[in-house]
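Listing of input_8.cif; format and content: mmCIF, C-alpha atoms.
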```cif
data_coords
#
loop_
_atom_site.group_PDB
_atom_site.id
_atom_site.type_symbol
_atom_site.label_atom_id
_atom_site.label_comp_id
_atom_site.auth_asym_id
_atom_site.auth_seq_id
_atom_site.Cartn_x
_atom_site.Cartn_y
_atom_site.Cartn_z
ATOM 1 C CA MET A 1 10.726 36.679 -6.533
ATOM 2 C CA ASN A 2 9.986 34.151 -9.230
ATOM 3 C CA VAL A 3 12.724 34.346 -11.853
ATOM 4 C CA SER A 4 12.029 31.007 -13.508
ATOM 5 C CA GLY A 5 8.433 31.893 -14.329
ATOM 6 C CA ARG A 6 7.165 28.554 -13.022
ATOM 7 C CA PRO A 7 4.172 28.696 -10.681
ATOM 8 C CA ARG A 8 5.326 28.592 -7.089
ATOM 9 C CA PRO A 9 3.748 26.024 -4.755
ATOM 10 C CA ALA A 10 1.106 27.209 -2.321
ATOM 11 C CA SER A 11 3.599 26.890 0.508
ATOM 12 C CA ASP A 12 7.223 25.871 0.566
ATOM 13 C CA GLU A 13 6.302 22.444 1.889
ATOM 14 C CA THR A 14 3.558 21.506 -0.600
ATOM 15 C CA PRO A 15 5.004 19.812 -3.715
ATOM 16 C CA PRO A 16 4.456 21.690 -7.009
ATOM 17 C CA GLY A 17 1.088 20.813 -8.524
ATOM 18 C CA TRP A 18 -0.201 19.209 -5.309
ATOM 19 C CA THR A 19 -3.222 20.294 -3.293
ATOM 20 C CA THR A 20 -1.904 18.912 0.005
ATOM 21 C CA ASN A 21 1.499 18.227 1.477
ATOM 22 C CA PRO A 22 1.929 14.447 1.830
ATOM 23 C CA SER A 23 4.719 14.942 4.379
ATOM 24 C CA SER A 24 2.584 17.014 6.767
ATOM 25 C CA TRP A 25 2.155 15.591 10.249
ATOM 26 C CA SER A 26 -1.617 15.264 9.819
ATOM 27 C CA GLN A 27 -0.904 12.868 6.937
ATOM 28 C CA ARG A 28 1.929 10.960 8.607
ATOM 29 C CA LEU A 29 0.959 10.610 12.264
ATOM 30 C CA PRO A 30 -2.075 8.348 11.572
ATOM 31 C CA ILE A 31 0.239 5.976 9.657
ATOM 32 C CA VAL A 32 2.736 6.016 12.526
ATOM 33 C CA ALA A 33 -0.100 5.293 14.980
ATOM 34 C CA LEU A 34 -1.225 2.345 12.821
ATOM 35 C CA ALA A 35 2.363 1.063 12.680
ATOM 36 C CA LEU A 36 2.676 1.260 16.477
ATOM 37 C CA ALA A 37 -0.582 -0.683 16.855
ATOM 38 C CA GLY A 38 0.957 -3.235 14.490
ATOM 39 C CA VAL A 39 4.090 -3.405 16.657
ATOM 40 C CA ALA A 40 1.919 -4.097 19.719
ATOM 41 C CA ILE A 41 -0.128 -6.864 18.055
ATOM 42 C CA ALA A 42 2.851 -8.551 16.394
ATOM 43 C CA THR A 43 4.894 -8.415 19.621
ATOM 44 C CA TYR A 44 2.039 -10.071 21.507
ATOM 45 C CA LEU A 45 1.799 -12.825 18.875
ATOM 46 C CA ALA A 46 5.588 -13.284 18.871
ATOM 47 C CA LEU A 47 5.636 -13.660 22.679
ATOM 48 C CA TYR A 48 3.117 -16.480 22.297
ATOM 49 C CA GLN A 49 5.156 -18.117 19.548
ATOM 50 C CA LEU A 50 8.268 -17.919 21.741
ATOM 51 C CA GLY A 51 6.390 -19.607 24.582
ATOM 52 C CA LEU A 52 6.549 -16.580 26.889
ATOM 53 C CA ILE A 53 2.726 -16.300 26.989
ATOM 54 C CA ALA A 54 0.683 -19.455 27.618
ATOM 55 C CA THR A 55 -2.747 -18.434 26.267
ATOM 56 C CA LEU A 56 -3.865 -16.292 23.362
ATOM 57 C CA TRP A 57 -6.819 -13.924 22.915
ATOM 58 C CA GLU A 58 -9.071 -15.392 20.203
ATOM 59 C CA PRO A 59 -12.725 -14.294 20.325
ATOM 60 C CA PHE A 60 -14.028 -15.766 17.062
ATOM 61 C CA PHE A 61 -12.178 -18.759 15.654
ATOM 62 C CA GLY A 62 -11.612 -21.096 18.618
ATOM 63 C CA ALA A 63 -8.377 -23.005 18.123
ATOM 64 C CA GLY A 64 -7.708 -21.068 14.896
ATOM 65 C CA SER A 65 -5.090 -18.715 16.315
ATOM 66 C CA ARG A 66 -3.107 -21.564 17.870
ATOM 67 C CA ILE A 67 -3.235 -23.603 14.658
ATOM 68 C CA ILE A 68 -1.963 -20.645 12.638
ATOM 69 C CA LEU A 69 0.700 -19.462 15.068
ATOM 70 C CA GLU A 70 2.068 -22.994 15.577
ATOM 71 C CA SER A 71 1.838 -23.900 11.876
ATOM 72 C CA SER A 72 4.725 -25.016 9.707
ATOM 73 C CA VAL A 73 4.576 -21.756 7.720
ATOM 74 C CA SER A 74 5.132 -19.649 10.846
ATOM 75 C CA ARG A 75 8.319 -21.680 11.545
ATOM 76 C CA VAL A 76 9.830 -21.490 8.064
ATOM 77 C CA LEU A 77 12.421 -19.013 9.306
ATOM 78 C CA PRO A 78 14.650 -19.424 12.374
ATOM 79 C CA VAL A 79 12.688 -16.696 14.190
ATOM 80 C CA PRO A 80 8.886 -16.687 14.630
ATOM 81 C CA ASP A 81 7.145 -14.857 11.775
ATOM 82 C CA ALA A 82 5.346 -12.504 14.187
ATOM 83 C CA ALA A 83 8.735 -11.314 15.505
ATOM 84 C CA LEU A 84 9.715 -10.342 11.963
ATOM 85 C CA GLY A 85 6.339 -8.632 11.611
ATOM 86 C CA ALA A 86 6.985 -6.627 14.780
ATOM 87 C CA LEU A 87 10.356 -5.525 13.369
ATOM 88 C CA GLY A 88 8.670 -4.573 10.098
ATOM 89 C CA TYR A 89 6.042 -2.435 11.850
ATOM 90 C CA LEU A 90 8.780 -0.829 13.949
ATOM 91 C CA ALA A 91 10.653 0.045 10.738
ATOM 92 C CA ASP A 92 7.401 1.549 9.362
ATOM 93 C CA ALA A 93 6.931 3.664 12.503
ATOM 94 C CA ILE A 94 10.549 4.900 12.555
ATOM 95 C CA THR A 95 10.770 5.705 8.838
ATOM 96 C CA GLY A 96 7.320 7.305 9.138
ATOM 97 C CA VAL A 97 8.291 9.687 11.913
ATOM 98 C CA VAL A 98 11.836 10.726 10.881
ATOM 99 C CA GLY A 99 12.116 14.069 9.067
ATOM 100 C CA GLY A 100 10.179 17.310 8.915
ATOM 101 C CA ARG A 101 7.196 18.624 6.970
ATOM 102 C CA ALA A 102 9.254 18.987 3.772
ATOM 103 C CA ARG A 103 10.940 15.609 3.901
ATOM 104 C CA TRP A 104 9.584 14.554 0.483
ATOM 105 C CA ARG A 105 12.120 17.142 -0.817
ATOM 106 C CA THR A 106 14.748 17.338 1.910
ATOM 107 C CA MET A 107 15.043 13.601 2.684
ATOM 108 C CA PRO A 108 13.824 11.497 -0.278
ATOM 109 C CA TRP A 109 15.920 8.578 0.991
ATOM 110 C CA ILE A 110 13.842 8.191 4.157
ATOM 111 C CA VAL A 111 10.579 8.513 2.192
ATOM 112 C CA VAL A 112 11.695 5.795 -0.246
ATOM 113 C CA LEU A 113 12.822 3.635 2.689
ATOM 114 C CA PHE A 114 9.374 4.228 4.233
ATOM 115 C CA GLY A 115 7.710 3.007 1.046
ATOM 116 C CA VAL A 116 10.024 -0.006 0.869
ATOM 117 C CA ALA A 117 9.175 -0.836 4.509
ATOM 118 C CA VAL A 118 5.398 -0.444 4.096
ATOM 119 C CA GLY A 119 4.860 -2.109 0.698
ATOM 120 C CA PRO A 120 6.397 -5.591 1.136
ATOM 121 C CA LEU A 121 5.071 -5.893 4.703
ATOM 122 C CA GLY A 122 1.552 -5.426 3.352
ATOM 123 C CA ALA A 123 2.165 -7.908 0.518
ATOM 124 C CA ILE A 124 3.442 -10.580 2.944
ATOM 125 C CA SER A 125 0.448 -9.950 5.219
ATOM 126 C CA VAL A 126 -1.990 -10.574 2.359
ATOM 127 C CA LEU A 127 -0.102 -13.757 1.434
ATOM 128 C CA LEU A 128 -0.375 -14.995 5.031
ATOM 129 C CA VAL A 129 -4.125 -14.202 5.073
ATOM 130 C CA ILE A 130 -4.502 -16.395 1.973
ATOM 131 C CA LEU A 131 -2.437 -19.231 3.454
ATOM 132 C CA GLN A 132 -4.379 -19.347 6.750
ATOM 133 C CA PRO A 133 -7.597 -20.899 5.386
ATOM 134 C CA VAL A 134 -6.171 -22.520 2.245
ATOM 135 C CA LEU A 135 -3.428 -24.544 3.958
ATOM 136 C CA PHE A 136 -4.736 -24.884 7.526
ATOM 137 C CA ASP A 137 -8.499 -24.242 7.254
ATOM 138 C CA ALA A 138 -8.220 -21.862 10.200
ATOM 139 C CA TRP A 139 -8.360 -18.130 10.897
ATOM 140 C CA CYS A 140 -6.529 -16.076 13.488
ATOM 141 C CA THR A 141 -8.238 -12.842 14.621
ATOM 142 C CA LEU A 142 -5.135 -10.897 15.614
ATOM 143 C CA CYS A 143 -3.255 -12.062 12.500
ATOM 144 C CA LEU A 144 -6.137 -10.683 10.411
ATOM 145 C CA ALA A 145 -6.089 -7.425 12.406
ATOM 146 C CA SER A 146 -2.369 -7.142 11.777
ATOM 147 C CA ALA A 147 -2.905 -7.710 8.055
ATOM 148 C CA VAL A 148 -5.629 -5.029 7.925
ATOM 149 C CA ILE A 149 -3.220 -2.561 9.542
ATOM 150 C CA SER A 150 -0.377 -3.320 7.158
ATOM 151 C CA VAL A 151 -2.619 -2.991 4.067
ATOM 152 C CA ALA A 152 -4.274 0.193 5.382
ATOM 153 C CA MET A 153 -0.852 1.883 5.616
ATOM 154 C CA ILE A 154 0.077 1.357 1.957
ATOM 155 C CA GLY A 155 -2.254 3.899 0.279
ATOM 156 C CA PRO A 156 -1.472 6.875 2.513
ATOM 157 C CA ALA A 157 2.267 6.054 2.435
ATOM 158 C CA LEU A 158 2.488 5.983 -1.362
ATOM 159 C CA ASP A 159 1.501 9.624 -1.905
ATOM 160 C CA GLU A 160 4.637 10.745 -0.132
ATOM 161 C CA VAL A 161 6.755 8.313 -2.164
ATOM 162 C CA LEU A 162 5.230 9.773 -5.340
ATOM 163 C CA ALA A 163 6.070 13.319 -4.235
ATOM 164 C CA SER A 164 9.690 12.314 -3.585
ATOM 165 C CA LEU A 165 10.049 10.489 -6.906
ATOM 166 C CA GLN A 166 8.542 13.462 -8.761
ATOM 167 C CA HIS A 167 11.080 15.693 -6.970
ATOM 168 C CA LEU A 168 13.943 13.460 -8.146
ATOM 169 C CA ARG A 169 12.486 13.442 -11.684
ATOM 170 C CA ARG A 170 12.416 17.273 -11.690
ATOM 171 C CA GLU A 171 15.974 17.447 -10.382
ATOM 172 C CA HIS A 172 17.054 15.057 -13.145
ATOM 173 C CA ASP A 173 15.189 16.990 -15.853
ATOM 174 C CA ALA A 174 16.761 20.223 -14.609
ATOM 175 C CA GLY A 175 20.181 18.623 -15.054
ATOM 176 C CA GLY A 176 20.789 18.163 -11.347
ATOM 177 C CA ALA A 177 22.451 15.275 -9.583
ATOM 178 C CA VAL A 178 19.692 12.811 -8.668
ATOM 179 C CA TRP A 179 21.996 10.976 -6.264
ATOM 180 C CA ARG A 180 22.656 14.170 -4.283
ATOM 181 C CA ALA A 181 18.966 15.087 -4.315
ATOM 182 C CA PHE A 182 18.133 11.576 -3.069
ATOM 183 C CA TRP A 183 20.223 12.224 0.038
ATOM 184 C CA GLY A 184 18.819 15.748 0.396
ATOM 185 C CA LEU A 185 22.112 17.464 -0.382
ATOM 186 C CA GLY A 186 22.319 20.915 -1.952
ATOM 187 C CA GLU A 187 19.091 22.098 -0.349
ATOM 188 C CA ASP A 188 20.711 25.207 1.134
ATOM 189 C CA ARG A 189 20.530 27.135 -2.138
ATOM 190 C CA PRO A 190 17.247 28.895 -2.958
ATOM 191 C CA ALA A 191 15.133 27.081 -5.527
ATOM 192 C CA ASP A 192 15.140 29.923 -8.065
ATOM 193 C CA ALA A 193 18.921 30.263 -8.046
ATOM 194 C CA ARG A 194 19.463 26.550 -8.456
ATOM 195 C CA GLU A 195 18.281 25.950 -11.948
ATOM 196 C CA PRO A 196 20.425 28.280 -14.112
ATOM 197 C CA ALA A 197 23.592 27.184 -12.294
ATOM 198 C CA ARG A 198 22.804 23.571 -13.020
ATOM 199 C CA ARG A 199 22.092 24.112 -16.701
ATOM 200 C CA ARG A 200 25.596 25.514 -17.053
ATOM 201 C CA HIS A 201 27.194 22.392 -15.581
ATOM 202 C CA VAL A 202 25.458 19.847 -17.736
ATOM 203 C CA GLY A 203 24.708 21.784 -20.875
ATOM 204 C CA MET B 1 -13.829 6.130 -2.717
ATOM 205 C CA LEU B 2 -17.190 4.604 -1.692
ATOM 206 C CA ALA B 3 -17.020 2.252 -4.678
ATOM 207 C CA GLN B 4 -13.602 1.044 -3.508
ATOM 208 C CA LEU B 5 -14.850 0.525 0.053
ATOM 209 C CA ALA B 6 -17.715 -1.511 -1.397
ATOM 210 C CA CYS B 7 -15.096 -3.594 -3.264
ATOM 211 C CA VAL B 8 -13.401 -4.239 0.102
ATOM 212 C CA LEU B 9 -16.736 -5.641 1.326
ATOM 213 C CA VAL B 10 -16.994 -7.883 -1.766
ATOM 214 C CA GLY B 11 -13.510 -9.231 -0.962
ATOM 215 C CA LEU B 12 -14.381 -9.821 2.703
ATOM 216 C CA TRP B 13 -17.606 -11.551 1.658
ATOM 217 C CA LEU B 14 -15.652 -13.913 -0.600
ATOM 218 C CA MET B 15 -13.459 -14.830 2.391
ATOM 219 C CA ALA B 16 -16.486 -15.589 4.569
ATOM 220 C CA ALA B 17 -18.867 -17.037 1.961
ATOM 221 C CA PRO B 18 -17.559 -20.647 1.942
ATOM 222 C CA ALA B 19 -18.313 -20.933 5.674
ATOM 223 C CA ILE B 20 -21.628 -19.019 5.539
ATOM 224 C CA LEU B 21 -23.030 -20.693 2.403
ATOM 225 C CA GLY B 22 -21.363 -24.004 3.235
ATOM 226 C CA TYR B 23 -19.632 -24.907 -0.023
ATOM 227 C CA GLY B 24 -16.381 -26.778 -0.481
ATOM 228 C CA ASP B 25 -13.484 -26.926 -2.911
ATOM 229 C CA PRO B 26 -12.701 -25.924 -5.600
ATOM 230 C CA ALA B 27 -14.938 -22.837 -5.146
ATOM 231 C CA ARG B 28 -13.883 -22.510 -1.502
ATOM 232 C CA ALA B 29 -10.158 -22.461 -2.279
ATOM 233 C CA SER B 30 -10.613 -20.020 -5.159
ATOM 234 C CA ASP B 31 -12.725 -17.582 -3.134
ATOM 235 C CA ARG B 32 -10.328 -17.757 -0.193
ATOM 236 C CA VAL B 33 -7.464 -16.764 -2.493
ATOM 237 C CA VAL B 34 -9.319 -14.120 -4.521
ATOM 238 C CA GLY B 35 -11.125 -12.563 -1.511
ATOM 239 C CA PRO B 36 -8.061 -11.241 0.360
ATOM 240 C CA LEU B 37 -6.487 -10.033 -2.898
ATOM 241 C CA VAL B 38 -9.643 -8.113 -3.895
ATOM 242 C CA ALA B 39 -9.988 -6.599 -0.411
ATOM 243 C CA ALA B 40 -6.320 -5.557 -0.295
ATOM 244 C CA VAL B 41 -6.282 -4.015 -3.786
ATOM 245 C CA ALA B 42 -9.533 -2.131 -3.098
ATOM 246 C CA CYS B 43 -8.270 -0.946 0.287
ATOM 247 C CA ILE B 44 -5.150 0.527 -1.331
ATOM 248 C CA ALA B 45 -7.156 1.981 -4.261
ATOM 249 C CA THR B 46 -9.391 3.800 -1.754
ATOM 250 C CA TRP B 47 -6.656 6.447 -1.659
ATOM 251 C CA ALA B 48 -6.950 8.780 -4.632
ATOM 252 C CA VAL B 49 -3.214 8.797 -5.356
ATOM 253 C CA VAL B 50 -3.298 5.076 -6.272
ATOM 254 C CA ARG B 51 -6.923 4.914 -7.460
ATOM 255 C CA ASP B 52 -5.876 3.382 -10.794
ATOM 256 C CA LEU B 53 -4.871 0.203 -8.961
ATOM 257 C CA ARG B 54 -8.618 -0.587 -8.913
ATOM 258 C CA ARG B 55 -8.219 -1.914 -12.476
ATOM 259 C CA VAL B 56 -6.449 -4.963 -11.039
ATOM 260 C CA ASN B 57 -9.801 -5.903 -9.516
ATOM 261 C CA LEU B 58 -11.319 -6.008 -13.007
ATOM 262 C CA LEU B 59 -9.068 -9.040 -13.599
ATOM 263 C CA ALA B 60 -10.355 -10.550 -10.352
ATOM 264 C CA ALA B 61 -13.928 -9.879 -11.511
ATOM 265 C CA ALA B 62 -13.219 -11.626 -14.820
ATOM 266 C CA TRP B 63 -11.903 -14.648 -12.919
ATOM 267 C CA LEU B 64 -14.990 -14.705 -10.660
ATOM 268 C CA LEU B 65 -17.195 -14.763 -13.769
ATOM 269 C CA LEU B 66 -15.174 -17.511 -15.488
ATOM 270 C CA ALA B 67 -14.289 -19.706 -12.497
ATOM 271 C CA PRO B 68 -17.663 -21.541 -12.218
ATOM 272 C CA TRP B 69 -17.077 -23.011 -15.711
ATOM 273 C CA VAL B 70 -13.290 -23.382 -15.505
ATOM 274 C CA LEU B 71 -13.290 -25.167 -12.140
ATOM 275 C CA GLY B 72 -16.773 -26.727 -12.318
ATOM 276 C CA TYR B 73 -18.632 -25.120 -9.371
ATOM 277 C CA GLY B 74 -21.871 -26.341 -7.787
ATOM 278 C CA LEU B 75 -24.968 -24.138 -8.093
ATOM 279 C CA ALA B 76 -24.655 -22.022 -4.892
ATOM 280 C CA PRO B 77 -20.948 -21.107 -5.252
ATOM 281 C CA ALA B 78 -21.496 -20.501 -8.988
ATOM 282 C CA ILE B 79 -24.298 -17.991 -8.357
ATOM 283 C CA ASN B 80 -22.254 -16.410 -5.572
ATOM 284 C CA SER B 81 -19.205 -16.112 -7.811
ATOM 285 C CA ILE B 82 -21.148 -14.581 -10.700
ATOM 286 C CA VAL B 83 -22.987 -12.071 -8.485
ATOM 287 C CA ALA B 84 -19.707 -11.095 -6.786
ATOM 288 C CA GLY B 85 -17.994 -10.831 -10.167
ATOM 289 C CA VAL B 86 -20.686 -8.570 -11.642
ATOM 290 C CA LEU B 87 -20.687 -6.369 -8.520
ATOM 291 C CA LEU B 88 -16.902 -6.161 -8.486
ATOM 292 C CA ALA B 89 -16.705 -5.324 -12.203
ATOM 293 C CA ALA B 90 -19.271 -2.532 -11.787
ATOM 294 C CA LEU B 91 -17.627 -1.099 -8.657
ATOM 295 C CA ALA B 92 -13.978 -1.433 -9.720
ATOM 296 C CA SER B 93 -14.630 0.344 -13.018
ATOM 297 C CA ARG B 94 -15.762 3.452 -11.127
ATOM 298 C CA GLY B 95 -12.869 5.855 -10.711
ATOM 299 C CA GLY B 96 -14.867 8.314 -8.679
ATOM 300 C CA HIS B 97 -14.400 12.062 -8.441
ATOM 301 C CA VAL B 98 -10.871 13.012 -7.396
ATOM 302 C CA THR B 99 -10.514 16.619 -6.247
ATOM 303 C CA GLN B 100 -6.913 16.423 -5.043
ATOM 304 C CA ARG B 101 -4.058 17.003 -7.463
ATOM 305 C CA PHE B 102 -0.787 15.069 -7.281
ATOM 306 C CA GLY B 103 1.538 16.979 -9.592
ATOM 307 C CA GLY B 104 0.729 14.825 -12.621
ATOM 308 C CA GLY B 105 0.611 11.567 -10.675
ATOM 309 C CA TRP B 106 2.721 8.487 -11.439
ATOM 310 C CA ARG B 107 2.823 9.249 -15.173
ATOM 311 C CA ALA B 108 4.923 12.335 -14.426
ATOM 312 C CA LEU B 109 7.771 10.015 -13.412
ATOM 313 C CA TRP B 110 8.347 8.731 -16.951
ATOM 314 C CA PRO B 111 10.330 10.863 -19.393
ATOM 315 C CA ARG B 112 8.182 12.669 -21.932
ATOM 316 C CA ARG B 113 8.613 11.353 -25.456
ATOM 317 C CA PRO B 114 6.979 13.724 -27.953
ATOM 318 C CA GLU B 115 6.638 11.104 -30.715
ATOM 319 C CA ARG B 116 4.672 8.852 -28.400
ATOM 320 C CA ALA B 117 2.707 11.537 -26.615
ATOM 321 C CA ARG B 118 -1.037 11.114 -26.579
#
```

Show this structure as structure tokens.
Amino acid sequence: MNVSGRPRPASDETPPGWTTNPSSWSQRLPIVALALAGVAIATYLALYQLGLIATLWEPFFGAGSRIILESSVSRVLPVPDAALGALGYLADAITGVVGGRARWRTMPWIVVLFGVAVGPLGAISVLLVILQPVLFDAWCTLCLASAVISVAMIGPALDEVLASLQHLRREHDAGGAVWRAFWGLGEDRPADAREPARRRHVG
Amino acid sequence: MLAQLACVLVGLWLMAAPAILGYGDPARASDRVVGPLVAAVACIATWAVVRDLRRVNLLAAAWLLLAPWVLGYGLAPAINSIVAGVLLAALASRGGHVTQRFGGGWRALWPRRPERAR
């Protein structure tokens, strides 16, 4: 039953006007797997920076990894930078896995949090890749691998963020409460019944 | 998508070129800054939903073409910079064929203003 006359999405989970569902598991699980690989690499690097591992795997750049991981930049903060990276990847993995196949609509807050976790982590990674050779004339293989992972996650994560933001835009244009939609509230009513009721409230 | 992946290779080449071709600053510093940025932007723009981000690499290409004169490069890094700049400009201007639809994309997020509609 399509009272509003708008075209219905191919399935309930695919956003209107989209060919694929960005919240499907086939789209999200690869990102989560990348994030977990990032957690593993960053944890390994952090253990070295904390002195819990004596030697470091570095196949290409000789002393490069040690120079980078013991550099002044890596000690700017009270905790080693790799430990923060590990936490960032963990946040990516958790916000990537929470929620079902319709979470772009039912849980926009977690999708936005996911985007906020993935974006800045990638930006900081690129900055660190620039600083390695420019400040210290050294490269660190696992740091580069970690940066590749964090940048590779950004593109596939953003489509879901777009779907959520478009959902909030539609809710706003239909006179709905964006704040409630952001937290996924009011989803129990059928989509077709929602719109006329809302028009009455706002006018 | 292939054009963007090729842009990633241009960025990676810029990171490695100072060591492989054996040139020093200022070309080395510039390429080591621009290289990772180009590779990262192209990597993100590989995904159709953010393909328009590739235009940022047109700015990088413009810098690669200007830098030999602005910073005063030697011959080898100057040729390298110009070739990389031309390649990057050609590749980053290719949007490619996008078959997926994204509900109007990022533009759909802004309110429609009839008087300014295109």

Show me, as an NGL selection string, the residues of chain B whose atoms get within 8 Å of chain A, using all atoms listed in the file for the distance check.
:B and (29 or 32-33 or 36-37 or 40 or 43-47 or 49-50 or 100-106 or 108-109)

Top pick for closest residue to Asp31 (chain B), considering B:Ala19, B:Ile79, B:Leu91, B:Leu14 and counting all atoms listed in the file
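Among B:Ala19, B:Ile79, B:Leu91, B:Leu14, it is B:Leu14 that comes nearest to Asp31 (chain B).
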
Mind checking which residues fall within 6 Å of region 55-61 of chain B, counting all atoms listed in the file, ignoring those fewer than 6 positions away in the same chain, and posting them as number ranges by chain?
B: 85, 88-89

How far is it from CA of Phe61 (chain A) to CA of Val32 (chain A), in Å with one decimal?
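Spanning CA of Phe61 (chain A) to CA of Val32 (chain A) is a straight-line distance of 29.1 Å.
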
Please expand the PyMOL selection byres ((chain A and resi 82) around 8) into the concrete residues it hits in this file, giving the result as a list in words.
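With the PyMOL selection byres ((chain A and resi 82) around 8) on this model, the match is Ala42, Thr43, Leu45, Ala46, Gln49, Ser74, Pro80, Asp81, Ala83, Leu84, Gly85 and Ala86 of chain A.
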
Two-atom distance - CA of Thr14 (chain A), CA of Val178 (chain A) (Å):
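If I compute the distance from CA of Thr14 (chain A) to CA of Val178 (chain A), I get 20.0 Å.
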
So how many Å separate CA of Pro26 (chain B) and CA of Gly72 (chain B), to one decimal?
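Distance reported for this atom pair: 7.9 Å.
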
So for region 67-84 of chain B, what box centre and size do we get, axis-aligned, 8 Å extra on each of the six sides, every listed atom, Å to one decimal, as lines of an AutoDock Vina configuration file?
```
center_x = -19.1
center_y = -18.9
center_z = -10.3
size_x = 27.7
size_y = 31.6
size_z = 26.8
```

So that each row is one residue of region 25-74 of chain B with an atom at most 6 Å from region 5-11 of chain B, can you give its shortest atom pair and the distance in Å to one decimal, using only C-alpha atoms, rows by chain and rising number, as a Markdown table?
```
| residue | atom | partner | partner_atom | distance |
| --- | --- | --- | --- | --- |
| B:Gly35 | CA | B:Gly11 | CA | 4.1 |
| B:Pro36 | CA | B:Gly11 | CA | 6.0 |
| B:Val38 | CA | B:Gly11 | CA | 5.0 |
| B:Ala39 | CA | B:Val8 | CA | 4.2 |
| B:Ala42 | CA | B:Val8 | CA | 5.4 |
```

Store the residues of this selection in a file with C-alpha atoms, as a PDB file, in the coordinates of the input.
```pdb
ATOM      1  CA  GLY B  35     -11.125 -12.563  -1.511  1.00  0.00           C
ATOM      2  CA  PRO B  36      -8.061 -11.241   0.360  1.00  0.00           C
ATOM      3  CA  VAL B  38      -9.643  -8.113  -3.895  1.00  0.00           C
ATOM      4  CA  ALA B  39      -9.988  -6.599  -0.411  1.00  0.00           C
ATOM      5  CA  ALA B  42      -9.533  -2.131  -3.098  1.00  0.00           C
TER       6      ALA B  42
END
```

Might you spell out which residues the PyMOL selection byres ((chain B and resi 77) around 8) would select in the displayed file, as a list in words?
Pro18, Leu21, Tyr23, Ala27, Pro68, Tyr73, Gly74, Leu75, Ala76, Ala78, Ile79, Asn80 and Ser81 of chain B

Could you take the residues named above and write them with C-alpha atoms, as a compact mmCIF listing (two decimals), keeping the file's coordinate frame?
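Contents of the output file part35.txt:
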```
# COMPACT_ATOMS: atom_id res chain seq x y z
CA PRO B 18 -17.56 -20.65 1.94
CA LEU B 21 -23.03 -20.69 2.40
CA TYR B 23 -19.63 -24.91 -0.02
CA ALA B 27 -14.94 -22.84 -5.15
CA PRO B 68 -17.66 -21.54 -12.22
CA TYR B 73 -18.63 -25.12 -9.37
CA GLY B 74 -21.87 -26.34 -7.79
CA LEU B 75 -24.97 -24.14 -8.09
CA ALA B 76 -24.66 -22.02 -4.89
CA ALA B 78 -21.50 -20.50 -8.99
CA ILE B 79 -24.30 -17.99 -8.36
CA ASN B 80 -22.25 -16.41 -5.57
CA SER B 81 -19.20 -16.11 -7.81
```

Quick one: of B:Val98, B:Ala3, B:Leu71, B:Ala62, who's nearest to Asp25 (chain B), counting all atoms listed in the file?
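Among the listed residues, the smallest separation from Asp25 (chain B) belongs to B:Leu71.
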